[in-house]
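Structure data (PDB, C-alpha atoms and all ligand atoms) from start-v1.pdb:
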ATOM      1  CA  MET A   1       0.000   0.000   0.000  1.00  0.00           C
ATOM      2  CA  LYS A   2       1.240   3.422  -0.956  1.00  0.00           C
ATOM      3  CA  ILE A   3      -0.125   6.710   0.382  1.00  0.00           C
ATOM      4  CA  LEU A   4       0.510  10.385  -0.229  1.00  0.00           C
ATOM      5  CA  VAL A   5       0.321  12.924   2.590  1.00  0.00           C
ATOM      6  CA  ILE A   6      -0.583  16.376   1.281  1.00  0.00           C
ATOM      7  CA  ASN A   7      -0.358  19.451   3.490  1.00  0.00           C
ATOM      8  CA  GLY A   8      -1.530  22.894   2.494  1.00  0.00           C
ATOM      9  CA  PRO A   9      -0.436  26.434   3.229  1.00  0.00           C
ATOM     10  CA  ASN A  10       1.430  27.327   6.417  1.00  0.00           C
ATOM     11  CA  ILE A  11       1.695  23.725   7.598  1.00  0.00           C
ATOM     12  CA  ASN A  12       5.431  24.126   6.923  1.00  0.00           C
ATOM     13  CA  MET A  13       5.336  26.833   9.633  1.00  0.00           C
ATOM     14  CA  LEU A  14       4.356  24.389  12.389  1.00  0.00           C
ATOM     15  CA  GLY A  15       6.349  25.023  15.534  1.00  0.00           C
ATOM     16  CA  ILE A  16       6.463  28.755  14.808  1.00  0.00           C
ATOM     17  CA  ARG A  17       2.858  29.283  13.849  1.00  0.00           C
ATOM     18  CA  GLU A  18       0.298  29.877  16.652  1.00  0.00           C
ATOM     19  CA  PRO A  19       1.732  27.225  19.003  1.00  0.00           C
ATOM     20  CA  ALA A  20      -1.262  27.543  21.352  1.00  0.00           C
ATOM     21  CA  ILE A  21      -3.421  26.153  18.529  1.00  0.00           C
ATOM     22  CA  TYR A  22      -1.051  23.947  16.527  1.00  0.00           C
ATOM     23  CA  GLY A  23       1.559  22.949  19.124  1.00  0.00           C
ATOM     24  CA  LYS A  24       5.316  23.401  19.247  1.00  0.00           C
ATOM     25  CA  SER A  25       6.398  20.540  17.035  1.00  0.00           C
ATOM     26  CA  THR A  26       7.683  21.282  13.537  1.00  0.00           C
ATOM     27  CA  TYR A  27       6.638  20.106  10.078  1.00  0.00           C
ATOM     28  CA  GLY A  28       9.847  18.059   9.961  1.00  0.00           C
ATOM     29  CA  GLU A  29       8.818  16.294  13.156  1.00  0.00           C
ATOM     30  CA  LEU A  30       5.362  15.629  11.700  1.00  0.00           C
ATOM     31  CA  VAL A  31       6.921  14.042   8.602  1.00  0.00           C
ATOM     32  CA  GLU A  32       9.227  11.930  10.770  1.00  0.00           C
ATOM     33  CA  MET A  33       6.357  10.773  12.981  1.00  0.00           C
ATOM     34  CA  ILE A  34       4.186   9.730  10.013  1.00  0.00           C
ATOM     35  CA  SER A  35       7.168   8.084   8.268  1.00  0.00           C
ATOM     36  CA  ASP A  36       7.992   6.002  11.359  1.00  0.00           C
ATOM     37  CA  TYR A  37       4.365   4.974  11.769  1.00  0.00           C
ATOM     38  CA  CYS A  38       4.041   3.970   8.120  1.00  0.00           C
ATOM     39  CA  LYS A  39       7.249   1.928   8.305  1.00  0.00           C
ATOM     40  CA  GLU A  40       5.779   0.072  11.294  1.00  0.00           C
ATOM     41  CA  LYS A  41       2.587  -0.594   9.356  1.00  0.00           C
ATOM     42  CA  ASN A  42       4.381  -1.594   6.144  1.00  0.00           C
ATOM     43  CA  VAL A  43       2.920   1.332   4.223  1.00  0.00           C
ATOM     44  CA  GLN A  44       4.926   3.302   1.664  1.00  0.00           C
ATOM     45  CA  VAL A  45       4.503   7.027   2.147  1.00  0.00           C
ATOM     46  CA  ASP A  46       5.411  10.206   0.288  1.00  0.00           C
ATOM     47  CA  PHE A  47       4.896  13.813   1.364  1.00  0.00           C
ATOM     48  CA  PHE A  48       3.880  16.969  -0.432  1.00  0.00           C
ATOM     49  CA  GLN A  49       3.448  20.422   1.074  1.00  0.00           C
ATOM     50  CA  SER A  50       2.581  23.604  -0.785  1.00  0.00           C
ATOM     51  CA  ASN A  51       1.269  27.074  -0.154  1.00  0.00           C
ATOM     52  CA  HIS A  52      -0.249  27.087  -3.652  1.00  0.00           C
ATOM     53  CA  GLU A  53      -3.717  25.806  -4.457  1.00  0.00           C
ATOM     54  CA  GLY A  54      -2.857  24.886  -8.067  1.00  0.00           C
ATOM     55  CA  ALA A  55       0.230  22.977  -6.955  1.00  0.00           C
ATOM     56  CA  MET A  56      -1.978  20.953  -4.621  1.00  0.00           C
ATOM     57  CA  VAL A  57      -4.379  20.230  -7.490  1.00  0.00           C
ATOM     58  CA  ASP A  58      -1.381  19.113  -9.587  1.00  0.00           C
ATOM     59  CA  ALA A  59      -0.205  16.805  -6.785  1.00  0.00           C
ATOM     60  CA  ILE A  60      -3.669  15.212  -6.526  1.00  0.00           C
ATOM     61  CA  GLN A  61      -3.863  14.697 -10.302  1.00  0.00           C
ATOM     62  CA  GLN A  62      -0.352  13.216 -10.380  1.00  0.00           C
ATOM     63  CA  ALA A  63      -1.306  10.809  -7.598  1.00  0.00           C
ATOM     64  CA  TYR A  64      -3.749   9.096  -9.973  1.00  0.00           C
ATOM     65  CA  GLY A  65      -2.547   5.578 -10.727  1.00  0.00           C
ATOM     66  CA  SER A  66       0.343   5.795  -8.234  1.00  0.00           C
ATOM     67  CA  TYR A  67      -1.259   5.967  -4.787  1.00  0.00           C
ATOM     68  CA  ASP A  68      -3.870   3.883  -2.966  1.00  0.00           C
ATOM     69  CA  GLY A  69      -4.821   6.625  -0.544  1.00  0.00           C
ATOM     70  CA  ILE A  70      -4.324  10.265   0.348  1.00  0.00           C
ATOM     71  CA  VAL A  71      -4.093  11.888   3.781  1.00  0.00           C
ATOM     72  CA  MET A  72      -4.873  15.516   3.261  1.00  0.00           C
ATOM     73  CA  ASN A  73      -4.782  18.643   5.368  1.00  0.00           C
ATOM     74  CA  PRO A  74      -5.790  21.330   2.861  1.00  0.00           C
ATOM     75  CA  ALA A  75      -5.343  23.935   5.643  1.00  0.00           C
ATOM     76  CA  ALA A  76      -7.013  27.246   4.735  1.00  0.00           C
ATOM     77  CA  TYR A  77      -8.002  25.903   1.292  1.00  0.00           C
ATOM     78  CA  THR A  78     -10.337  23.513   3.110  1.00  0.00           C
ATOM     79  CA  HIS A  79     -12.706  26.420   3.538  1.00  0.00           C
ATOM     80  CA  THR A  80     -12.424  27.902   0.031  1.00  0.00           C
ATOM     81  CA  SER A  81     -11.274  25.462  -2.607  1.00  0.00           C
ATOM     82  CA  VAL A  82     -13.724  23.963  -5.057  1.00  0.00           C
ATOM     83  CA  ALA A  83     -10.676  23.105  -7.230  1.00  0.00           C
ATOM     84  CA  ILE A  84      -9.149  20.794  -4.610  1.00  0.00           C
ATOM     85  CA  ALA A  85     -12.500  19.100  -3.971  1.00  0.00           C
ATOM     86  CA  ASP A  86     -12.986  18.626  -7.732  1.00  0.00           C
ATOM     87  CA  ALA A  87      -9.479  17.165  -8.118  1.00  0.00           C
ATOM     88  CA  LEU A  88     -10.126  14.630  -5.330  1.00  0.00           C
ATOM     89  CA  LYS A  89     -13.408  13.701  -6.985  1.00  0.00           C
ATOM     90  CA  ALA A  90     -11.702  13.397 -10.379  1.00  0.00           C
ATOM     91  CA  VAL A  91      -9.010  10.938  -9.255  1.00  0.00           C
ATOM     92  CA  GLY A  92     -11.298   8.969  -6.936  1.00  0.00           C
ATOM     93  CA  ILE A  93      -8.450   8.040  -4.567  1.00  0.00           C
ATOM     94  CA  PRO A  94      -9.755   7.331  -1.034  1.00  0.00           C
ATOM     95  CA  THR A  95      -8.821  10.414   0.987  1.00  0.00           C
ATOM     96  CA  VAL A  96      -8.965  11.240   4.692  1.00  0.00           C
ATOM     97  CA  GLU A  97      -9.266  14.921   5.638  1.00  0.00           C
ATOM     98  CA  VAL A  98      -7.164  15.886   8.641  1.00  0.00           C
ATOM     99  CA  HIS A  99      -7.031  19.049  10.742  1.00  0.00           C
ATOM    100  CA  ILE A 100      -4.643  19.456  13.627  1.00  0.00           C
ATOM    101  CA  SER A 101      -6.980  21.830  15.466  1.00  0.00           C
ATOM    102  CA  ASP A 102     -10.632  21.294  16.295  1.00  0.00           C
ATOM    103  CA  VAL A 103     -12.055  23.435  13.500  1.00  0.00           C
ATOM    104  CA  SER A 104     -15.600  22.829  14.790  1.00  0.00           C
ATOM    105  CA  LYS A 105     -14.794  24.979  17.827  1.00  0.00           C
ATOM    106  CA  ARG A 106     -13.165  27.833  15.909  1.00  0.00           C
ATOM    107  CA  GLU A 107     -14.327  30.748  13.706  1.00  0.00           C
ATOM    108  CA  ALA A 108     -17.480  30.501  11.606  1.00  0.00           C
ATOM    109  CA  PHE A 109     -15.511  30.582   8.350  1.00  0.00           C
ATOM    110  CA  ARG A 110     -13.739  27.364   9.386  1.00  0.00           C
ATOM    111  CA  GLN A 111     -17.046  25.477   9.667  1.00  0.00           C
ATOM    112  CA  ILE A 112     -17.240  25.035   5.911  1.00  0.00           C
ATOM    113  CA  SER A 113     -15.215  22.247   4.325  1.00  0.00           C
ATOM    114  CA  TYR A 114     -15.373  21.858   0.566  1.00  0.00           C
ATOM    115  CA  VAL A 115     -13.463  18.563   0.747  1.00  0.00           C
ATOM    116  CA  ARG A 116     -15.426  16.817   3.498  1.00  0.00           C
ATOM    117  CA  ASP A 117     -18.025  15.329   1.159  1.00  0.00           C
ATOM    118  CA  VAL A 118     -15.404  13.820  -1.130  1.00  0.00           C
ATOM    119  CA  CYS A 119     -13.395  12.283   1.732  1.00  0.00           C
ATOM    120  CA  VAL A 120     -13.974   8.909   3.362  1.00  0.00           C
ATOM    121  CA  ALA A 121     -13.463  10.444   6.826  1.00  0.00           C
ATOM    122  CA  THR A 122     -12.583  13.681   8.576  1.00  0.00           C
ATOM    123  CA  ILE A 123     -10.379  13.880  11.667  1.00  0.00           C
ATOM    124  CA  ALA A 124      -9.993  17.154  13.540  1.00  0.00           C
ATOM    125  CA  GLY A 125      -8.663  18.294  16.885  1.00  0.00           C
ATOM    126  CA  LYS A 126      -6.367  15.346  17.542  1.00  0.00           C
ATOM    127  CA  GLY A 127      -3.093  17.113  16.830  1.00  0.00           C
ATOM    128  CA  PHE A 128      -0.441  15.182  14.917  1.00  0.00           C
ATOM    129  CA  ASP A 129      -2.045  11.880  16.007  1.00  0.00           C
ATOM    130  CA  GLY A 130      -4.890  12.640  13.610  1.00  0.00           C
ATOM    131  CA  TYR A 131      -2.551  11.881  10.700  1.00  0.00           C
ATOM    132  CA  LEU A 132      -1.770   8.451  12.150  1.00  0.00           C
ATOM    133  CA  GLU A 133      -5.455   7.750  12.625  1.00  0.00           C
ATOM    134  CA  ALA A 134      -5.954   8.714   8.976  1.00  0.00           C
ATOM    135  CA  VAL A 135      -3.301   6.174   7.922  1.00  0.00           C
ATOM    136  CA  ASP A 136      -5.141   3.503   9.933  1.00  0.00           C
ATOM    137  CA  ILE A 137      -8.437   4.374   8.248  1.00  0.00           C
ATOM    138  CA  LEU A 138      -6.820   4.040   4.808  1.00  0.00           C
ATOM    139  CA  ILE A 139      -5.265   0.669   5.756  1.00  0.00           C
ATOM    140  CA  LYS A 140      -8.721  -0.599   6.765  1.00  0.00           C
TER
HETATM  141  C1  LIG B   1      -6.012  23.555   9.821  1.00  0.00           C
HETATM  142  C2  LIG B   1      -7.257  24.387  10.156  1.00  0.00           C
HETATM  143  C3  LIG B   1      -7.510  25.431   9.099  1.00  0.00           C
HETATM  144  O1  LIG B   1      -8.667  26.182   9.409  1.00  0.00           O
HETATM  145  C4  LIG B   1      -6.330  26.380   9.017  1.00  0.00           C
HETATM  146  O2  LIG B   1      -6.526  27.322   7.997  1.00  0.00           O
HETATM  147  C5  LIG B   1      -5.040  25.677   8.875  1.00  0.00           C
HETATM  148  C6  LIG B   1      -4.800  24.438   9.613  1.00  0.00           C
HETATM  149  C7  LIG B   1      -5.665  22.570  10.938  1.00  0.00           C
HETATM  150  O3  LIG B   1      -4.834  21.694  10.662  1.00  0.00           O
HETATM  151  O4  LIG B   1      -6.165  22.654  12.061  1.00  0.00           O
HETATM  152  O5  LIG B   1      -4.117  26.177   8.225  1.00  0.00           O
HETATM  153  O6  LIG B   1      -6.283  22.821   8.654  1.00  0.00           O
END
Rewrite the structure of this file - the entire thing - as structure tokens.
Ligand code: DQA
Amino acid sequence: MKILVINGPNINMLGIREPAIYGKSTYGELVEMISDYCKEKNVQVDFFQSNHEGAMVDAIQQAYGSYDGIVMNPAAYTHTSVAIADALKAVGIPTVEVHISDVSKREAFRQISYVRDVCVATIAGKGFDGYLEAVDILIK
């Protein structure tokens, strides 16, 4: 099994960015944690992070035929991007939506997710562990 972990804008700023909301660990530590977990579970994993919506659409399109699942934190594009939702629909790769913070308890504009309906599950508010839970969901 091979999965792609896609992270959207500002996820590369973890550790610096609003630590009270996102914690003090870095993006590098997140990648390491997911990599170790996937190794344990015999899952091949690749990572993609971008601040650019179109680049994320490209990554989803390029995943077609190469990946069995996607773990995706579209970050702010969650709440705005029809293009990312359409790309996920187009490739039909089972995708789990992940948010580090509990978006349901935050601002009104974060209550909308354009990707939720095209994902097999949504995990929010579990910190970095949410990504590992997403891997487990894809394995099952
Ligand atoms: C986020 C939540 C989004 O609302 C926000 O724009 C992010 C991160 C999260 O992981 O909690 O950048 O997706």
5 Å per side around segment 29-35 of chain A: axis-aligned box centre and edge lengths, as JSON:
{"center_x": 6.7, "center_y": 12.2, "center_z": 10.7, "size_x": 15.0, "size_y": 18.2, "size_z": 14.9}
Practice task
Just the residues within 8 Å of segment 32-42 of chain A, please, counting all atoms listed in the file, with nothing from its chain fewer than 5 positions along; format it as a PyMOL selection string.
Solution key: chain A and resi 1+131-132+135
Handout entry: Pick from A:Ile6, A:Ile11, A:Ala124, A:Ile100, whichever lies nearest to Ile84 of chain A using all atoms listed in the file
Key =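 Ranked by minimum distance to Ile84 of chain A, first place goes to A:Ile6.
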How would you write, as a PDB file with C-alpha atoms, keeping the file's coordinate frame, the set of residues no farther than 9 Å from ligand LIG 1 (chain B) when counting all atoms listed in the file?
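Saved to result_33.pdb:
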ATOM      1  CA  ASN A   7      -0.358  19.451   3.490  1.00  0.00           C
ATOM      2  CA  GLY A   8      -1.530  22.894   2.494  1.00  0.00           C
ATOM      3  CA  PRO A   9      -0.436  26.434   3.229  1.00  0.00           C
ATOM      4  CA  ASN A  10       1.430  27.327   6.417  1.00  0.00           C
ATOM      5  CA  ILE A  11       1.695  23.725   7.598  1.00  0.00           C
ATOM      6  CA  ILE A  21      -3.421  26.153  18.529  1.00  0.00           C
ATOM      7  CA  TYR A  22      -1.051  23.947  16.527  1.00  0.00           C
ATOM      8  CA  ASN A  73      -4.782  18.643   5.368  1.00  0.00           C
ATOM      9  CA  PRO A  74      -5.790  21.330   2.861  1.00  0.00           C
ATOM     10  CA  ALA A  75      -5.343  23.935   5.643  1.00  0.00           C
ATOM     11  CA  ALA A  76      -7.013  27.246   4.735  1.00  0.00           C
ATOM     12  CA  TYR A  77      -8.002  25.903   1.292  1.00  0.00           C
ATOM     13  CA  THR A  78     -10.337  23.513   3.110  1.00  0.00           C
ATOM     14  CA  HIS A  79     -12.706  26.420   3.538  1.00  0.00           C
ATOM     15  CA  GLU A  97      -9.266  14.921   5.638  1.00  0.00           C
ATOM     16  CA  VAL A  98      -7.164  15.886   8.641  1.00  0.00           C
ATOM     17  CA  HIS A  99      -7.031  19.049  10.742  1.00  0.00           C
ATOM     18  CA  ILE A 100      -4.643  19.456  13.627  1.00  0.00           C
ATOM     19  CA  SER A 101      -6.980  21.830  15.466  1.00  0.00           C
ATOM     20  CA  ASP A 102     -10.632  21.294  16.295  1.00  0.00           C
ATOM     21  CA  VAL A 103     -12.055  23.435  13.500  1.00  0.00           C
ATOM     22  CA  ARG A 106     -13.165  27.833  15.909  1.00  0.00           C
ATOM     23  CA  GLU A 107     -14.327  30.748  13.706  1.00  0.00           C
ATOM     24  CA  PHE A 109     -15.511  30.582   8.350  1.00  0.00           C
ATOM     25  CA  ARG A 110     -13.739  27.364   9.386  1.00  0.00           C
ATOM     26  CA  GLN A 111     -17.046  25.477   9.667  1.00  0.00           C
ATOM     27  CA  ALA A 124      -9.993  17.154  13.540  1.00  0.00           C
ATOM     28  CA  GLY A 125      -8.663  18.294  16.885  1.00  0.00           C
ATOM     29  CA  GLY A 127      -3.093  17.113  16.830  1.00  0.00           C
ATOM     30  CA  PHE A 128      -0.441  15.182  14.917  1.00  0.00           C
TER      31      PHE A 128
END
Would you kindly translate the PyMOL selection byres (((chain A and resi 119) around 10) and not hetatm) into the concrete residues it picks from this file, as a CSV table (one decimal) with C-alpha atoms, keeping the file's coordinate frame?
chain,number,residue,atom,x,y,z
A,70,ILE,CA,-4.3,10.3,0.3
A,71,VAL,CA,-4.1,11.9,3.8
A,72,MET,CA,-4.9,15.5,3.3
A,85,ALA,CA,-12.5,19.1,-4.0
A,88,LEU,CA,-10.1,14.6,-5.3
A,89,LYS,CA,-13.4,13.7,-7.0
A,92,GLY,CA,-11.3,9.0,-6.9
A,93,ILE,CA,-8.4,8.0,-4.6
A,94,PRO,CA,-9.8,7.3,-1.0
A,95,THR,CA,-8.8,10.4,1.0
A,96,VAL,CA,-9.0,11.2,4.7
A,97,GLU,CA,-9.3,14.9,5.6
A,98,VAL,CA,-7.2,15.9,8.6
A,114,TYR,CA,-15.4,21.9,0.6
A,115,VAL,CA,-13.5,18.6,0.7
A,116,ARG,CA,-15.4,16.8,3.5
A,117,ASP,CA,-18.0,15.3,1.2
A,118,VAL,CA,-15.4,13.8,-1.1
A,120,VAL,CA,-14.0,8.9,3.4
A,121,ALA,CA,-13.5,10.4,6.8
A,122,THR,CA,-12.6,13.7,8.6
Can you rebuild segment 4-15 of chain A with N, CA and C atoms and give it as a tab-separated table (two decimals), in the frame of the given file?
chain	number	residue	atom	x	y	z
A	4	LEU	N	-0.07	9.05	-0.08
A	4	LEU	CA	0.51	10.38	-0.23
A	4	LEU	C	-0.09	11.29	0.85
A	5	VAL	N	0.78	11.97	1.58
A	5	VAL	CA	0.32	12.92	2.59
A	5	VAL	C	0.50	14.33	2.02
A	6	ILE	N	-0.62	15.03	1.85
A	6	ILE	CA	-0.58	16.38	1.28
A	6	ILE	C	-0.94	17.39	2.37
A	7	ASN	N	-0.08	18.37	2.53
A	7	ASN	CA	-0.36	19.45	3.49
A	7	ASN	C	-0.38	20.79	2.77
A	8	GLY	N	-1.33	21.61	3.15
A	8	GLY	CA	-1.53	22.89	2.49
A	8	GLY	C	-0.76	24.02	3.13
A	9	PRO	N	-1.18	25.25	2.84
A	9	PRO	CA	-0.44	26.43	3.23
A	9	PRO	C	-0.21	26.58	4.74
A	10	ASN	N	1.01	27.02	5.05
A	10	ASN	CA	1.43	27.33	6.42
A	10	ASN	C	1.66	26.11	7.32
A	11	ILE	N	1.41	24.92	6.79
A	11	ILE	CA	1.70	23.72	7.60
A	11	ILE	C	3.22	23.58	7.75
A	12	ASN	N	3.96	24.11	6.80
A	12	ASN	CA	5.43	24.13	6.92
A	12	ASN	C	5.90	25.08	8.03
A	13	MET	N	4.99	25.88	8.55
A	13	MET	CA	5.34	26.83	9.63
A	13	MET	C	5.01	26.27	11.02
A	14	LEU	N	4.64	25.00	11.08
A	14	LEU	CA	4.36	24.39	12.39
A	14	LEU	C	5.56	24.56	13.30
A	15	GLY	N	5.27	24.80	14.57
A	15	GLY	CA	6.35	25.02	15.53
A	15	GLY	C	6.54	26.51	15.78
